[in-house]
Structure formats: C-alpha cells, structure tokens
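Asker: Below is the structure I would like to discuss, written out as structure tokens.
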Amino acid sequence: MTGMEEFHNGSEGAFNSEEADNIVKECIESVVGGDDYSQSQVNKWTASIVERCLTQLVKSWKPYKYIVTCAVMQKTGAGLHTANSCYWDTAMDGSCTVRWENRTMNCVVSVFAVAIA
Amino acid sequence: MEETDTYHIRPNHQDKFKPAVVKECVREIVRERLSGLRYDPEEVPELSRSLADCIKDKVKSAGFDRYKLVVQVVIGEQRGQGVTMSSRCFWDADTDSYAEDVFMNVSLIRCDEGEADFSITRLTVFFFPPIGQLVLQGVSIRKLLLLRMRARRMGKSSR
C-alpha cells in the first residue's frame with residue numbers, strides 16, 4: 001500500500017542532524033536576527049525560538065520525540081559551557097547543538113531527538 | 001515461556017519516573033562537586049562533561065529500567081550578565097518527564113579583593129518511555145497517514 005511505503009521512506013536510520021541544524025539556524029535568525037539584548041524581551045525570545053524549532057521539527061512527520069532547549073546570554077565576556085550525556089540508542093537517536101551570536105548576545109540551542117520504534 | 005519486557009507497552013505505576021527522586025540525586029552530586037569551586041575556563045569543559053556522565057550513571061542505577069535518559073549540564077560564569085534558558089518537549093506526557101536543579105555558588109575566597117565568582121549550573125534530566133510503548137505510537141502515526149490517504153481518495157471519487 002502506498003501509504004505504508006511513504007511512511008517508511010522517512011526513516012532511513014539515524015537522526016539527520018544537518019537538517020535540524022538548518023532548521024534551528026533559520027528559527028534563531030527569524031526571532032532575534034537583528035536585535036540587541038534586551039532584558040524585557042529575552043523571555044519572549046527564548047520561548048519563541050524554542051516553539052518555532054519544535055514546530056518545524058515536528059512538521060517533518062518523522063517518528064521522533066524531541067527536546068529543544070535554548071539559552072540566551074548577554075555578552076559581557078563571561079563564559080558558558082554546556083555538556084550532554086545521553087543513554088539511548090546510538091544508531092537511531094541523536095542531537096544537535098547550534099551556537100549563534102551577534103554583537104550583544106550569545107544563543108545556544110540544543111535539539112535532542114529520540115526515535116520512536 | 002519466559003515473560004519478556006517487550007510486551008509491556010506502558011510502565012507500571014511503581015516503574016514510572018519519579019522526578020523528586022532524581023532531583024535529589026542530582027542535587028547531591030552537584031553540591032558535592034561544585035561547592036567551593038571557582039569558575040576556571042580551563043577546567044570547566046572537563047568538569048561539565050564529567051558532571052553530566054556522573055549524573056547519568058547515578059540515575060541509571062536508580063532503577064528506571066527501559067527508560068532512555070538525556071542529561072544536560074550548563075555551567076556559566078556570572079559577571080552581571082543576563083542569562084535566560086527555556087525548553088520545550090514533544091513527548092508522551094503520561095510516561096515522560098524531567099527533573100532539574102539550579103545551583104549557584106559564591107566563592108568567598110577573594111571577597112576582600114572585590115571579586116566574587118559565581119557558577120550557575122542547570123541540570124535537566126529527561127526521561128523517555130520504554131520501547132514497547134514507542135512501537136504503539138509508531139502504529140498510530142501510520143494509521144493516521146492511512147486515514148488521510150483514504151479520505152483524499154474518497155473525496156475525489158464522490159464527484
């Protein structure tokens with residue numbers, strides 16, 4: 001049946017982190033592209049980035065569960081490190097982290113995708 | 001025949017994740033490892049990695065079988081800058097969840113020189129459901145696609 005074949009074509013195996021990378025970059029650009037860090041707006045920005053990323057990822061109808069996290073930090077010369085440790089199926093699951101910056105702020109978005117079946 | 005786990009599509013009530021238990025695990029490890037430390041750009045990459053591994057191992061041994069885990073550790077140096085972090089998840093709210101802990105320390109060693117170093121650590125541990133339950137979800141998506149195809153075909157033939 002064609003319906004079944006179409007569904008299986010999507011799952012070639014591992015998580016495509018390049019595609020996720022592009023989706024995330026596009027979302028960040030569209031939300032904070034030309035703006036400077038603003039204390040009053042930052043909550044709205046992080047929520048917006050995260051929701052957009054999630055919506056775009058889910059649109060591809062792949063059999064994955066997603067977690068998206070976003071950290072926005074004002075540029076003052078302070079350091080920030082993120083580390084992940086995962087217990088999952090290394091063949092099917094994956095993650096991608098995108099670092100973006102402009103003149104006044106740094107933004108780090110992480111996407112984790114865990115396969116369903 | 002031996003009973004295997006693969007026929008359990010949902011965790012039993014006692015096997016379900018317990019965010020409170022995990023939060024306590026996380027808090028213990030963090031307090032032990034980070035109290036009294038100062039932010040050092042040379043050491044922090046290794047520290048954050050080993051902290052994430054340590055927490056993952058501890059939670060694994062807490063007995064949440066057939067769960068996948070994702071642990072994220074964020075360590076930042078506070079110099080009066082603003083930091084905001086947010087996250088969203090697309091999962092099964094019945095079986096999946098998360099636990100987080102925020103740790104801030106103040107190093108008092110060099111307070112007299114007018115410097116204070118802070119570290120903020122946010123540890124989030126996400127749980128995912130057992131494998132059997134995931135298969136069921138896969139089937140539902142397929143059925144949904146089939147229904148959509150059928151609806152389209154029916155729509156065309158009725159004209």
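Following the order of the structure tokens, first chain is A, next is B, and so on, with residues numbered from 1 inside each chain and ligands from 1 in the order they appear.
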Once you count only C-alpha atoms, which residues of chain A turn out to be within 7 Å of chain B? Could you give them as a PyMOL selection string?

Answerer: chain A and resi 3-4+7+42-43+46-47+50-51+63+65-74+76+78-88+116-117

Asker: Can you list, as a PyMOL selection string, every residue of stretch 3-67 of chain A that DSSP puts in strand (DSSP E)?

Answerer: chain A and resi 64-67

Asker: Let's have the selection written as a PDB file, in the first residue's frame, with N, CA and C atoms.

Answerer:
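File written: out-v7.pdb
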ATOM      1  N   TYR A  64       9.976  10.703  15.732  1.00  0.00           N
ATOM      2  CA  TYR A  64      10.886  11.069  16.815  1.00  0.00           C
ATOM      3  C   TYR A  64      10.156  11.860  17.876  1.00  0.00           C
ATOM      4  N   LYS A  65      10.671  11.761  19.097  1.00  0.00           N
ATOM      5  CA  LYS A  65      10.268  12.671  20.159  1.00  0.00           C
ATOM      6  C   LYS A  65      11.394  13.694  20.256  1.00  0.00           C
ATOM      7  N   TYR A  66      11.043  14.931  20.567  1.00  0.00           N
ATOM      8  CA  TYR A  66      12.053  15.997  20.568  1.00  0.00           C
ATOM      9  C   TYR A  66      12.111  16.732  21.888  1.00  0.00           C
ATOM     10  N   ILE A  67      13.326  17.182  22.208  1.00  0.00           N
ATOM     11  CA  ILE A  67      13.514  18.128  23.320  1.00  0.00           C
ATOM     12  C   ILE A  67      14.350  19.256  22.746  1.00  0.00           C
TER      13      ILE A  67
END

Asker: Could you pull out the alpha helix (DSSP H) residues of chain A from DSSP and send them as a VMD selection string?

Answerer: chain A and resid 2 to 10 17 to 32 42 to 59

Asker: Take atom CA of B:Phe64 and atom CA of B:Ala20 and report the distance between them in Å, one decimal.

Answerer: 13.1 Å

Asker: Just to confirm, what's the straight-line distance from atom CA of A:Phe112 to atom CA of B:Phe17 in Å (one decimal)?

Answerer: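 Atom CA of B:Phe17 lies at a distance of 19.0 Å from atom CA of A:Phe112.
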
Asker: Compile the contact shell of stretch 12-24 of chain A as an MDAnalysis selection string: residues with an atom at most 7 Å away, counting only C-alpha atoms, same-chain residues fewer than 4 positions apart removed.

Answerer: chainID A and resid 28 53 91:96 98
